[in-house]
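Novice: File protein-v1.cif follows (mmCIF, C-alpha atoms and all ligand atoms):
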```cif
data_target
loop_
_atom_site.label_atom_id
_atom_site.label_comp_id
_atom_site.auth_asym_id
_atom_site.auth_seq_id
_atom_site.Cartn_x
_atom_site.Cartn_y
_atom_site.Cartn_z
CA MET Z 19 6.25 8.47 20.44
CA LYS Z 20 6.50 5.50 22.80
CA THR Z 21 7.57 2.27 21.22
CA ILE Z 22 6.52 -1.30 21.77
CA ASP Z 23 9.83 -1.89 23.57
CA GLU Z 24 8.67 0.48 26.29
CA LEU Z 25 5.39 -1.41 26.58
CA LEU Z 26 7.31 -4.68 26.82
CA SER Z 27 9.58 -3.28 29.52
CA GLU Z 28 6.53 -2.05 31.45
CA GLY Z 29 5.33 -5.68 31.38
CA VAL Z 30 2.44 -7.01 29.29
CA ALA Z 31 1.74 -10.42 30.81
CA GLY Z 32 -2.02 -10.83 31.08
CA LYS Z 33 -2.71 -7.45 29.40
CA ARG Z 34 -5.01 -7.25 26.40
CA VAL Z 35 -3.05 -5.47 23.68
CA PHE Z 36 -4.86 -4.19 20.58
CA VAL Z 37 -2.59 -4.32 17.53
CA ARG Z 38 -3.88 -2.22 14.63
CA ALA Z 39 -2.26 -4.00 11.71
CA ASP Z 40 -2.70 -3.62 7.96
CA LEU Z 41 -3.72 -7.09 6.82
CA ASN Z 42 -5.20 -5.70 3.62
CA VAL Z 43 -3.73 -8.46 1.47
CA PRO Z 44 -4.60 -9.26 -2.15
CA LEU Z 45 -7.12 -12.12 -2.46
CA ALA Z 46 -8.25 -14.18 -5.44
CA ASP Z 47 -11.33 -16.30 -4.78
CA GLY Z 48 -10.69 -16.10 -1.04
CA VAL Z 49 -7.06 -17.21 -1.41
CA ILE Z 50 -4.27 -14.84 -0.34
CA THR Z 51 -1.99 -14.21 -3.30
CA ASP Z 52 0.64 -12.34 -1.29
CA ASP Z 53 1.06 -12.49 2.48
CA GLY Z 54 3.76 -9.83 2.78
CA ARG Z 55 1.65 -7.55 4.94
CA ILE Z 56 0.90 -10.40 7.35
CA ARG Z 57 4.57 -11.33 7.62
CA ALA Z 58 5.42 -7.68 8.22
CA VAL Z 59 3.48 -7.54 11.47
CA LEU Z 60 4.85 -10.83 12.85
CA PRO Z 61 7.70 -9.28 14.88
CA THR Z 62 5.22 -7.16 16.84
CA VAL Z 63 2.66 -9.91 17.36
CA LYS Z 64 5.33 -12.46 18.31
CA ALA Z 65 7.07 -10.15 20.77
CA LEU Z 66 3.79 -9.38 22.52
CA ALA Z 67 2.63 -12.99 22.63
CA GLU Z 68 6.00 -14.24 23.85
CA ALA Z 69 5.83 -11.68 26.66
CA GLY Z 70 2.45 -13.11 27.74
CA ALA Z 71 0.11 -10.48 26.30
CA ARG Z 72 -3.37 -11.37 25.07
CA VAL Z 73 -3.03 -10.02 21.56
CA VAL Z 74 -6.04 -8.67 19.69
CA VAL Z 75 -5.14 -8.07 16.05
CA ALA Z 76 -7.40 -5.82 13.99
CA SER Z 77 -7.34 -4.55 10.41
CA HIS Z 78 -9.39 -3.50 7.44
CA LEU Z 79 -9.48 -5.46 4.20
CA GLY Z 80 -10.61 -3.90 0.95
CA ARG Z 81 -13.28 -1.26 0.91
CA PRO Z 82 -16.57 -2.81 2.11
CA LYS Z 83 -19.40 -0.36 2.59
CA GLY Z 84 -19.67 -0.17 6.39
CA ALA Z 85 -21.55 -3.46 6.73
CA PRO Z 86 -20.55 -7.14 6.81
CA ASP Z 87 -19.65 -8.51 3.38
CA PRO Z 88 -18.24 -12.04 3.22
CA ALA Z 89 -16.10 -11.15 0.21
CA PHE Z 90 -14.02 -8.94 2.51
CA SER Z 91 -13.78 -11.22 5.54
CA LEU Z 92 -10.47 -11.25 7.39
CA ALA Z 93 -10.86 -14.97 8.07
CA PRO Z 94 -8.25 -16.00 5.43
CA ALA Z 95 -5.76 -13.49 6.86
CA ALA Z 96 -6.38 -14.78 10.40
CA ALA Z 97 -5.77 -18.35 9.24
CA ARG Z 98 -2.54 -17.33 7.50
CA LEU Z 99 -1.39 -15.44 10.59
CA GLY Z 100 -1.90 -18.62 12.60
CA GLU Z 101 0.16 -20.64 10.10
CA LEU Z 102 2.98 -18.11 10.18
CA LEU Z 103 2.97 -17.94 13.97
CA GLY Z 104 2.68 -21.70 14.24
CA THR Z 105 -0.13 -21.38 16.80
CA ASP Z 106 -3.91 -21.33 16.83
CA VAL Z 107 -5.30 -17.87 16.22
CA ALA Z 108 -8.88 -17.28 17.39
CA PHE Z 109 -11.17 -15.45 14.98
CA ALA Z 110 -14.07 -13.22 16.01
CA THR Z 111 -16.79 -12.95 13.39
CA ASP Z 112 -17.62 -9.36 14.33
CA THR Z 113 -15.68 -6.29 15.45
CA VAL Z 114 -17.21 -5.14 18.73
CA GLY Z 115 -20.17 -7.49 19.14
CA GLU Z 116 -20.75 -10.68 21.04
CA SER Z 117 -18.19 -12.70 19.09
CA ALA Z 118 -15.37 -10.18 19.61
CA THR Z 119 -16.17 -9.71 23.30
CA SER Z 120 -16.27 -13.42 24.06
CA THR Z 121 -13.24 -14.24 21.88
CA VAL Z 122 -11.13 -11.63 23.65
CA ALA Z 123 -12.44 -12.66 27.07
CA GLY Z 124 -11.44 -16.25 26.26
CA LEU Z 125 -7.83 -15.40 25.31
CA ALA Z 126 -5.14 -17.04 27.43
CA ASP Z 127 -1.91 -15.18 28.21
CA GLY Z 128 0.38 -15.34 25.18
CA SER Z 129 -2.39 -16.12 22.71
CA VAL Z 130 -3.65 -14.23 19.69
CA ALA Z 131 -7.07 -13.37 18.24
CA VAL Z 132 -8.07 -11.54 15.07
CA ILE Z 133 -11.33 -9.62 14.98
CA GLU Z 134 -13.37 -9.24 11.77
CA ASN Z 135 -12.79 -6.49 9.20
CA LEU Z 136 -13.05 -3.12 10.97
CA ARG Z 137 -14.72 -1.61 7.90
CA PHE Z 138 -17.76 -3.86 8.46
CA ASN Z 139 -18.71 -1.12 10.93
CA ALA Z 140 -19.60 2.28 9.42
CA GLY Z 141 -17.99 4.00 12.43
CA GLU Z 142 -14.52 2.96 11.29
CA THR Z 143 -14.31 5.22 8.24
CA SER Z 144 -16.97 7.80 9.15
CA LYS Z 145 -16.18 11.46 8.51
CA ASP Z 146 -18.28 12.28 11.57
CA ASP Z 147 -16.04 12.56 14.66
CA ALA Z 148 -18.82 11.43 17.01
CA GLU Z 149 -19.64 8.32 14.97
CA ARG Z 150 -15.97 7.38 14.73
CA GLY Z 151 -15.50 8.12 18.41
CA ALA Z 152 -18.41 5.91 19.38
CA PHE Z 153 -16.88 2.99 17.47
CA ALA Z 154 -13.47 3.71 19.02
CA ASP Z 155 -15.10 3.65 22.48
CA ARG Z 156 -16.39 0.15 21.77
CA LEU Z 157 -13.01 -1.02 20.44
CA ALA Z 158 -11.30 0.42 23.53
CA GLU Z 159 -13.37 -1.93 25.68
CA LEU Z 160 -11.50 -4.83 24.08
CA ALA Z 161 -8.03 -3.78 25.26
CA ASP Z 162 -5.73 -2.35 27.93
CA ALA Z 163 -3.11 -0.97 25.53
CA TYR Z 164 -2.82 -0.02 21.85
CA VAL Z 165 0.00 -0.78 19.46
CA GLY Z 166 -0.14 1.00 16.11
CA ASP Z 167 1.56 -1.16 13.49
CA GLY Z 168 -0.65 -0.84 10.41
CA PHE Z 169 1.72 1.39 8.49
CA GLY Z 170 -0.27 0.96 5.26
CA ALA Z 171 -3.26 2.68 6.89
CA VAL Z 172 -1.63 5.49 8.90
CA HIS Z 173 -2.78 8.04 6.31
CA ARG Z 174 -6.42 7.25 7.09
CA LYS Z 175 -8.26 9.25 9.76
CA HIS Z 176 -10.19 6.17 10.79
CA ALA Z 177 -11.49 5.12 14.21
CA SER Z 178 -8.98 2.33 14.83
CA VAL Z 179 -6.08 4.38 13.45
CA PHE Z 180 -6.77 7.85 14.81
CA ASP Z 181 -9.42 7.80 17.56
CA LEU Z 182 -8.64 4.59 19.41
CA PRO Z 183 -5.05 5.48 20.40
CA ALA Z 184 -6.43 8.54 22.21
CA ARG Z 185 -8.40 6.18 24.44
CA LEU Z 186 -5.65 3.76 25.52
CA PRO Z 187 -1.95 3.81 26.45
CA LYS Z 188 -0.43 3.86 22.96
CA TYR Z 189 2.80 2.62 21.40
CA ALA Z 190 4.32 2.31 17.93
CA GLY Z 191 5.03 -1.23 16.73
CA TYR Z 192 8.18 -2.49 15.03
CA LEU Z 193 6.85 -2.20 11.49
CA ILE Z 194 5.93 1.46 11.87
CA ALA Z 195 9.37 2.19 13.35
CA THR Z 196 11.13 0.49 10.41
CA GLU Z 197 8.98 2.11 7.74
CA VAL Z 198 9.35 5.61 9.16
CA GLY Z 199 13.11 5.11 9.54
CA VAL Z 200 13.53 4.25 5.85
CA LEU Z 201 11.17 6.89 4.46
CA LYS Z 202 12.94 9.55 6.52
CA LYS Z 203 16.08 8.81 4.48
CA LEU Z 204 14.16 9.80 1.33
CA THR Z 205 12.91 13.06 2.77
CA GLU Z 206 15.99 14.25 4.63
CA ASP Z 207 19.37 13.85 2.92
CA VAL Z 208 18.58 11.83 -0.15
CA LYS Z 209 21.51 10.68 -2.31
CA ARG Z 210 21.29 11.90 -5.91
CA PRO Z 211 20.34 11.26 -8.66
CA TYR Z 212 17.00 10.55 -6.96
CA VAL Z 213 14.68 8.79 -9.41
CA VAL Z 214 11.02 8.09 -8.71
CA ALA Z 215 8.92 5.62 -10.72
CA LEU Z 216 5.17 5.95 -10.25
CA GLY Z 217 2.47 3.70 -11.63
CA GLY Z 218 -0.62 1.84 -10.48
CA SER Z 219 -4.28 2.65 -10.78
CA LYS Z 220 -5.12 4.95 -7.84
CA VAL Z 221 -4.43 7.90 -10.10
CA SER Z 222 -5.92 10.74 -8.07
CA ASP Z 223 -4.13 9.56 -4.89
CA LYS Z 224 -0.83 9.70 -6.71
CA LEU Z 225 -1.06 12.95 -8.60
CA ALA Z 226 -0.63 14.93 -5.38
CA VAL Z 227 2.71 13.32 -4.62
CA ILE Z 228 4.02 14.42 -8.01
CA ASP Z 229 3.36 17.98 -6.96
CA GLN Z 230 5.85 17.50 -4.09
CA LEU Z 231 8.31 15.37 -6.02
CA LEU Z 232 8.73 18.08 -8.66
CA GLY Z 233 10.70 19.94 -5.99
CA LYS Z 234 12.67 16.92 -4.76
CA ALA Z 235 13.30 14.25 -7.39
CA ASP Z 236 15.77 14.56 -10.26
CA ARG Z 237 13.79 12.31 -12.58
CA LEU Z 238 10.23 11.02 -12.61
CA LEU Z 239 9.18 7.92 -14.59
CA ILE Z 240 5.44 7.57 -15.14
CA GLY Z 241 3.76 4.22 -15.75
CA GLY Z 242 0.55 2.32 -14.99
CA GLY Z 243 -2.87 3.88 -15.26
CA MET Z 244 -1.46 7.34 -14.60
CA VAL Z 245 0.27 7.46 -17.95
CA PHE Z 246 -2.89 8.22 -19.87
CA THR Z 247 -3.75 11.41 -18.02
CA PHE Z 248 -0.21 12.59 -18.89
CA LEU Z 249 -0.50 11.55 -22.53
CA LYS Z 250 -3.87 13.26 -22.82
CA ALA Z 251 -2.41 16.37 -21.17
CA LYS Z 252 0.20 16.40 -23.96
CA GLY Z 253 -2.61 16.37 -26.50
CA TYR Z 254 -2.55 12.68 -27.47
CA GLU Z 255 -5.65 10.50 -27.74
CA VAL Z 256 -5.74 7.65 -25.21
CA GLY Z 257 -8.69 5.61 -26.48
CA ALA Z 258 -10.53 3.78 -23.70
CA SER Z 259 -7.58 3.86 -21.25
CA LEU Z 260 -7.90 4.83 -17.59
CA LEU Z 261 -8.17 8.62 -17.58
CA GLN Z 262 -8.61 11.21 -14.86
CA GLU Z 263 -10.22 13.84 -17.06
CA ASP Z 264 -10.62 16.48 -14.33
CA GLN Z 265 -6.88 16.31 -13.59
CA ILE Z 266 -5.69 17.15 -17.10
CA PRO Z 267 -5.05 20.86 -16.33
CA VAL Z 268 -3.22 19.86 -13.14
CA VAL Z 269 -1.02 17.46 -15.08
CA GLN Z 270 -0.37 20.11 -17.74
CA GLU Z 271 0.91 22.37 -15.00
CA TYR Z 272 3.13 19.52 -13.71
CA ILE Z 273 4.62 19.07 -17.16
CA GLU Z 274 5.42 22.80 -17.31
CA ARG Z 275 6.83 22.86 -13.78
CA ALA Z 276 9.02 19.81 -14.44
CA LYS Z 277 10.60 21.73 -17.36
CA LYS Z 278 11.10 24.84 -15.23
CA ASN Z 279 12.58 22.92 -12.27
CA GLY Z 280 14.87 20.80 -14.44
CA VAL Z 281 13.12 17.58 -13.39
CA GLU Z 282 13.27 15.01 -16.16
CA LEU Z 283 9.74 13.70 -16.71
CA VAL Z 284 9.83 10.37 -18.53
CA LEU Z 285 6.69 9.05 -20.25
CA PRO Z 286 6.35 5.83 -22.23
CA VAL Z 287 7.10 6.00 -25.93
CA ASP Z 288 5.01 2.92 -26.65
CA VAL Z 289 2.22 1.03 -24.87
CA LEU Z 290 0.57 -2.39 -24.96
CA THR Z 291 -3.12 -2.12 -25.73
CA SER Z 292 -6.18 -4.26 -26.20
CA THR Z 293 -9.87 -3.76 -26.92
CA GLU Z 294 -10.79 -5.16 -23.50
CA PHE Z 295 -9.47 -5.53 -19.98
CA PRO Z 296 -7.79 -8.96 -19.70
CA ASP Z 297 -9.37 -11.83 -17.78
CA LEU Z 298 -7.31 -11.96 -14.61
CA LYS Z 299 -8.93 -15.22 -13.49
CA THR Z 300 -8.34 -17.43 -16.50
CA LYS Z 301 -5.34 -15.40 -17.66
CA ALA Z 302 -6.39 -16.36 -21.18
CA PRO Z 303 -3.94 -14.95 -23.77
CA ALA Z 304 -4.84 -11.34 -24.46
CA ASN Z 305 -2.78 -10.83 -27.66
CA PRO Z 306 -1.82 -7.24 -26.90
CA ASN Z 307 -0.97 -4.73 -29.62
CA THR Z 308 2.12 -2.58 -29.33
CA VAL Z 309 1.36 0.98 -30.38
CA ALA Z 310 3.20 4.29 -30.21
CA ALA Z 311 2.18 6.32 -27.17
CA ASP Z 312 0.85 9.09 -29.40
CA ALA Z 313 -1.20 6.71 -31.56
CA ILE Z 314 -3.50 4.73 -29.25
CA PRO Z 315 -6.52 3.68 -31.35
CA ALA Z 316 -9.91 4.96 -30.13
CA ASP Z 317 -11.25 1.46 -29.36
CA GLN Z 318 -8.18 0.32 -27.37
CA LEU Z 319 -7.07 0.71 -23.79
CA GLY Z 320 -3.48 0.90 -22.60
CA LEU Z 321 -2.52 -1.86 -20.17
CA ASP Z 322 1.30 -1.77 -19.91
CA ILE Z 323 4.29 0.18 -21.12
CA GLY Z 324 5.73 -1.19 -24.37
CA PRO Z 325 9.10 -2.80 -25.19
CA GLU Z 326 10.89 0.45 -26.18
CA SER Z 327 9.65 2.07 -22.98
CA ARG Z 328 10.95 -0.87 -20.93
CA LYS Z 329 14.46 -0.23 -22.30
CA LEU Z 330 14.08 3.50 -21.82
CA TYR Z 331 12.94 3.15 -18.19
CA ALA Z 332 15.73 0.68 -17.37
CA SER Z 333 18.28 3.15 -18.75
CA LYS Z 334 16.77 5.99 -16.72
CA LEU Z 335 17.10 3.92 -13.54
CA ALA Z 336 20.63 2.69 -14.19
CA ASP Z 337 22.54 5.74 -12.91
CA ALA Z 338 20.32 6.48 -9.89
CA ALA Z 339 21.72 6.69 -6.37
CA THR Z 340 18.26 6.49 -4.79
CA VAL Z 341 15.07 5.05 -6.28
CA PHE Z 342 11.55 5.14 -4.93
CA TRP Z 343 9.07 3.03 -6.87
CA ASN Z 344 5.34 3.00 -6.24
CA GLY Z 345 2.74 1.31 -8.39
CA PRO Z 346 3.05 -1.37 -11.08
CA MET Z 347 3.79 -0.22 -14.63
CA GLY Z 348 0.90 -2.23 -16.02
CA VAL Z 349 -1.77 -4.80 -15.24
CA PHE Z 350 0.92 -7.17 -13.96
CA GLU Z 351 -1.66 -9.70 -12.72
CA HIS Z 352 -1.94 -10.87 -16.34
CA PRO Z 353 1.25 -12.33 -17.85
CA ASP Z 354 0.79 -10.41 -21.12
CA TYR Z 355 0.94 -7.10 -19.22
CA ALA Z 356 3.59 -7.92 -16.60
CA GLU Z 357 6.73 -7.12 -18.62
CA GLY Z 358 6.82 -3.40 -17.83
CA THR Z 359 6.65 -4.05 -14.10
CA LYS Z 360 9.25 -6.82 -14.43
CA ALA Z 361 11.61 -4.52 -16.33
CA VAL Z 362 11.44 -1.85 -13.63
CA ALA Z 363 11.89 -4.44 -10.84
CA GLN Z 364 14.92 -5.90 -12.65
CA ALA Z 365 16.40 -2.43 -13.22
CA LEU Z 366 16.14 -1.75 -9.48
CA ILE Z 367 17.85 -5.04 -8.69
CA ASP Z 368 20.64 -4.33 -11.20
CA SER Z 369 21.20 -0.83 -9.88
CA PRO Z 370 23.63 -0.09 -7.04
CA ALA Z 371 21.15 2.54 -5.79
CA PHE Z 372 19.33 2.47 -2.46
CA THR Z 373 15.93 1.22 -3.64
CA VAL Z 374 12.59 1.52 -1.89
CA VAL Z 375 9.47 -0.18 -3.24
CA GLY Z 376 6.27 1.25 -1.81
CA GLY Z 377 2.70 0.10 -2.21
CA GLY Z 378 0.73 -2.97 -1.36
CA ASP Z 379 0.32 -3.88 -5.02
CA SER Z 380 3.87 -3.02 -6.03
CA ALA Z 381 5.31 -5.09 -3.20
CA ALA Z 382 2.96 -7.93 -4.08
CA ALA Z 383 3.92 -7.61 -7.75
CA VAL Z 384 7.60 -7.97 -6.93
CA ARG Z 385 6.97 -11.19 -5.00
CA ILE Z 386 4.30 -12.64 -7.32
CA LEU Z 387 6.56 -12.08 -10.32
CA GLY Z 388 9.23 -14.12 -8.55
CA PHE Z 389 11.80 -11.48 -7.56
CA ASP Z 390 13.88 -11.95 -4.44
CA GLU Z 391 12.59 -9.31 -2.04
CA THR Z 392 15.93 -9.11 -0.26
CA ALA Z 393 17.45 -7.72 -3.49
CA PHE Z 394 15.67 -4.41 -2.83
CA GLY Z 395 16.77 -1.89 -0.20
CA HIS Z 396 13.35 -1.84 1.43
CA ILE Z 397 9.89 -3.02 0.49
CA SER Z 398 7.34 -0.81 2.16
CA THR Z 399 3.92 -2.11 3.13
CA GLY Z 400 2.49 1.36 2.58
CA GLY Z 401 0.98 2.48 -0.71
CA GLY Z 402 -0.89 5.73 -0.10
CA ALA Z 403 0.73 5.92 3.33
CA SER Z 404 4.29 6.01 2.00
CA LEU Z 405 3.30 8.52 -0.68
CA GLU Z 406 1.65 10.84 1.82
CA TYR Z 407 4.70 10.52 4.07
CA LEU Z 408 6.87 11.63 1.15
CA GLU Z 409 4.47 14.48 0.46
CA GLY Z 410 5.32 15.71 3.96
CA LYS Z 411 1.73 15.43 5.13
CA THR Z 412 0.82 14.85 8.77
CA LEU Z 413 -0.35 11.26 8.91
CA PRO Z 414 -3.24 10.79 11.36
CA GLY Z 415 -2.08 7.35 12.48
CA LEU Z 416 1.43 8.62 13.30
CA ALA Z 417 0.22 11.86 14.88
CA ALA Z 418 -2.12 9.84 17.11
CA LEU Z 419 0.83 7.87 18.48
CA GLU Z 420 2.70 11.03 19.56
CA ASP Z 421 2.58 11.86 23.26
N1 LIG Z 501 -2.78 0.78 -17.45
C1 LIG Z 501 -3.49 0.34 -16.42
N2 LIG Z 501 -4.83 0.35 -16.46
C2 LIG Z 501 -5.56 -0.10 -15.43
N3 LIG Z 501 -5.02 -0.59 -14.28
C3 LIG Z 501 -3.69 -0.62 -14.20
C4 LIG Z 501 -2.85 -0.16 -15.25
N4 LIG Z 501 -1.58 -0.33 -14.86
C5 LIG Z 501 -1.60 -0.88 -13.65
N5 LIG Z 501 -2.85 -1.07 -13.23
C6 LIG Z 501 -3.32 -1.70 -11.98
O1 LIG Z 501 -2.88 -0.96 -10.88
C7 LIG Z 501 -3.10 -1.77 -9.74
C8 LIG Z 501 -2.19 -1.34 -8.61
O2 LIG Z 501 -2.37 0.04 -8.38
P1 LIG Z 501 -2.27 0.74 -6.94
O3 LIG Z 501 -2.34 2.18 -7.23
O4 LIG Z 501 -3.28 0.13 -6.03
O5 LIG Z 501 -0.78 0.28 -6.50
P2 LIG Z 501 0.00 0.39 -5.13
O6 LIG Z 501 0.23 1.81 -4.79
O7 LIG Z 501 1.21 -0.46 -5.27
O8 LIG Z 501 -0.91 -0.30 -4.06
P3 LIG Z 501 -1.74 0.23 -2.79
O9 LIG Z 501 -2.05 1.69 -3.01
O10 LIG Z 501 -2.94 -0.66 -2.83
O11 LIG Z 501 -0.88 -0.02 -1.63
C9 LIG Z 501 -2.82 -3.20 -10.19
O12 LIG Z 501 -3.92 -4.00 -9.82
C10 LIG Z 501 -2.71 -3.07 -11.72
O13 LIG Z 501 -3.43 -4.05 -12.43
O1 LIG Z 502 -3.80 -0.86 0.56
C1 LIG Z 502 -3.53 0.19 1.19
O2 LIG Z 502 -2.87 1.12 0.69
C2 LIG Z 502 -3.94 0.27 2.64
O3 LIG Z 502 -4.31 -0.96 3.17
C3 LIG Z 502 -5.04 1.30 2.81
O4 LIG Z 502 -6.19 0.89 2.14
P1 LIG Z 502 -7.26 1.97 1.63
O5 LIG Z 502 -6.61 2.72 0.50
O6 LIG Z 502 -8.46 1.17 1.23
O7 LIG Z 502 -7.54 2.89 2.81
#
```
Would you kindly transcribe this structure into structure tokens?
Ligand SMILES: Nc1ncnc2c1ncn2[C@@H]1O[C@H](COP(=O)(O)OP(=O)(O)OP(=O)(O)O)[C@@H](O)[C@H]1O
Ligand SMILES: O=C(O)[C@H](O)COP(=O)(O)O
Specialist:
Amino acid sequence: MKTIDELLSEGVAGKRVFVRADLNVPLADGVITDDGRIRAVLPTVKALAEAGARVVVASHLGRPKGAPDPAFSLAPAAARLGELLGTDVAFATDTVGESATSTVAGLADGSVAVIENLRFNAGETSKDDAERGAFADRLAELADAYVGDGFGAVHRKHASVFDLPARLPKYAGYLIATEVGVLKKLTEDVKRPYVVALGGSKVSDKLAVIDQLLGKADRLLIGGGMVFTFLKAKGYEVGASLLQEDQIPVVQEYIERAKKNGVELVLPVDVLTSTEFPDLKTKAPANPNTVAADAIPADQLGLDIGPESRKLYASKLADAATVFWNGPMGVFEHPDYAEGTKAVAQALIDSPAFTVVGGGDSAAAVRILGFDETAFGHISTGGGASLEYLEGKTLPGLAALED
């Protein structure tokens, strides 16, 4: 894999360099609530611009349906990138159309443009190789070289991640190099006890990693929306909580295998519930109930781990030598359901272990809840990407950067 340093030493002045970043930042009413992913790509963008490249930054944001949708515009991210760089950043209102072509053509040496959300074009995420390839052909017209630095999206076989690097001289950016370096430590000679805390809402994405971790981790703490599939698999009722019904047999097998392999599987003993999902906009008090994990009432949904579970999870993290944490323990965006996530973050800070926080939302949670990000060993920008790396899967966006 060639790195950006090689591109810089080859000379980039006047060259159009396409940087595939992951600027998929959380937004509330068009306002960025956490800019961590934008800051993470700054070293690459700055190095290229300072060396005189014409930098074309591209990313997806959210999951629009292959057509323009103002709710998912990258304009706020482009504006924030400009603020962080301290320079004007041009913004193209399309991906490969007239606006992108003229914006890129108008770039001076050392300047930066962002093109609109790649997922506004159906070719970006298409399962059809020809459709993706056709979009990648158009993107390739915008650049002379490709730098892959969107670590959070390397697990996606998408046009800008997988097909475009085959069409241009390709290099790995600084963020990808850092992320891969840290995650390698967790897959190669990990220091034990190795404790993994998993939460969040993308339940089906995360169940697969448990399959792998049952052979690697010493202890697994389950939180977030995933909890309820586990509780149901143990025969408890989970009311109206998030549930992946079709995965119950899979989870039952995980519970059995954990026992066989001597992996300690830790589930909450109590949960915070309510009859409705909290209002994340007004953050109006939700008055949660604390109930035992095996006694969730039928009309309630679980939204965070409870106070006894917070203590339990902190104690299970205290003696770790390595911790990987992905996914908030509850709906941390609402103050009434943020305590579980806070407790795990604090336990990581208090622990002498090497700690890695993975996941766009987990990383955002840590910062939004006011923790000092330098108190963690590493905060990864990858959610699904870091999980699939740990699963040992071939990641299309990394494979595409190999020679
Ligand atoms: N019990 C729950 N019920 C429903 N949603 C929950 C629950 N617990 C946590 N969540 C939600 O999970 C979301 C984060 O989950 P996600 O799986 O996306 O995390 P991540 O892996 O850190 O991020 P990403 O995959 O986007 O990088 C948060 O918005 C949070 O509100
Ligand atoms: O948030 C993420 O994990 C990445 O930006 C990838 O987004 P996706 O899950 O919508 O592909």
Novice: Using Å and a single decimal, report how far atom CA of Z:Tyr164 sits from atom CA of Z:Val200.
Specialist: 23.3 Å
Novice: Excluding same-chain residues fewer than 3 positions from stretch 390-395 of chain Z, what lies within 8 Å of it counting all atoms listed in the file, as a PyMOL selection string?
Specialist: chain Z and resi 366-367+372-375+384-385
Novice: Could you tell me, counting only C-alpha atoms and all ligand atoms, which protein and nucleic acid residues lie no more than 10 Å from ligand LIG 502 (chain Z), written as a ChimeraX atom specification?
Specialist: /Z:39-44,55,77-82,137,143,168-176,220,223,376-379,399-405
Novice: Please produce an output containing C-alpha atoms for each residue in the selection, written as a PDB file, keeping the file's coordinate frame.
Specialist:
```pdb
ATOM      1  CA  ALA Z  39      -2.260  -4.000  11.710  1.00  0.00           C
ATOM      2  CA  ASP Z  40      -2.700  -3.620   7.960  1.00  0.00           C
ATOM      3  CA  LEU Z  41      -3.720  -7.090   6.820  1.00  0.00           C
ATOM      4  CA  ASN Z  42      -5.200  -5.700   3.620  1.00  0.00           C
ATOM      5  CA  VAL Z  43      -3.730  -8.460   1.470  1.00  0.00           C
ATOM      6  CA  PRO Z  44      -4.600  -9.260  -2.150  1.00  0.00           C
ATOM      7  CA  ARG Z  55       1.650  -7.550   4.940  1.00  0.00           C
ATOM      8  CA  SER Z  77      -7.340  -4.550  10.410  1.00  0.00           C
ATOM      9  CA  HIS Z  78      -9.390  -3.500   7.440  1.00  0.00           C
ATOM     10  CA  LEU Z  79      -9.480  -5.460   4.200  1.00  0.00           C
ATOM     11  CA  GLY Z  80     -10.610  -3.900   0.950  1.00  0.00           C
ATOM     12  CA  ARG Z  81     -13.280  -1.260   0.910  1.00  0.00           C
ATOM     13  CA  PRO Z  82     -16.570  -2.810   2.110  1.00  0.00           C
ATOM     14  CA  ARG Z 137     -14.720  -1.610   7.900  1.00  0.00           C
ATOM     15  CA  THR Z 143     -14.310   5.220   8.240  1.00  0.00           C
ATOM     16  CA  GLY Z 168      -0.650  -0.840  10.410  1.00  0.00           C
ATOM     17  CA  PHE Z 169       1.720   1.390   8.490  1.00  0.00           C
ATOM     18  CA  GLY Z 170      -0.270   0.960   5.260  1.00  0.00           C
ATOM     19  CA  ALA Z 171      -3.260   2.680   6.890  1.00  0.00           C
ATOM     20  CA  VAL Z 172      -1.630   5.490   8.900  1.00  0.00           C
ATOM     21  CA  HIS Z 173      -2.780   8.040   6.310  1.00  0.00           C
ATOM     22  CA  ARG Z 174      -6.420   7.250   7.090  1.00  0.00           C
ATOM     23  CA  LYS Z 175      -8.260   9.250   9.760  1.00  0.00           C
ATOM     24  CA  HIS Z 176     -10.190   6.170  10.790  1.00  0.00           C
ATOM     25  CA  LYS Z 220      -5.120   4.950  -7.840  1.00  0.00           C
ATOM     26  CA  ASP Z 223      -4.130   9.560  -4.890  1.00  0.00           C
ATOM     27  CA  GLY Z 376       6.270   1.250  -1.810  1.00  0.00           C
ATOM     28  CA  GLY Z 377       2.700   0.100  -2.210  1.00  0.00           C
ATOM     29  CA  GLY Z 378       0.730  -2.970  -1.360  1.00  0.00           C
ATOM     30  CA  ASP Z 379       0.320  -3.880  -5.020  1.00  0.00           C
ATOM     31  CA  THR Z 399       3.920  -2.110   3.130  1.00  0.00           C
ATOM     32  CA  GLY Z 400       2.490   1.360   2.580  1.00  0.00           C
ATOM     33  CA  GLY Z 401       0.980   2.480  -0.710  1.00  0.00           C
ATOM     34  CA  GLY Z 402      -0.890   5.730  -0.100  1.00  0.00           C
ATOM     35  CA  ALA Z 403       0.730   5.920   3.330  1.00  0.00           C
ATOM     36  CA  SER Z 404       4.290   6.010   2.000  1.00  0.00           C
ATOM     37  CA  LEU Z 405       3.300   8.520  -0.680  1.00  0.00           C
TER      38      LEU Z 405
END
```
Novice: Grab the atom CA of Z:Ser259 to atom CA of Z:Lys334 distance for me, in Å with one decimal place.
Specialist: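 Going from atom CA of Z:Ser259 over to atom CA of Z:Lys334 covers 24.9 Å.
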Novice: I'd like to know which of Z:Glu406, Z:Glu101, Z:Asp317, Z:Glu263 is closest to ligand LIG 501 (chain Z), using all atoms listed in the file.
Specialist: Z:Glu406
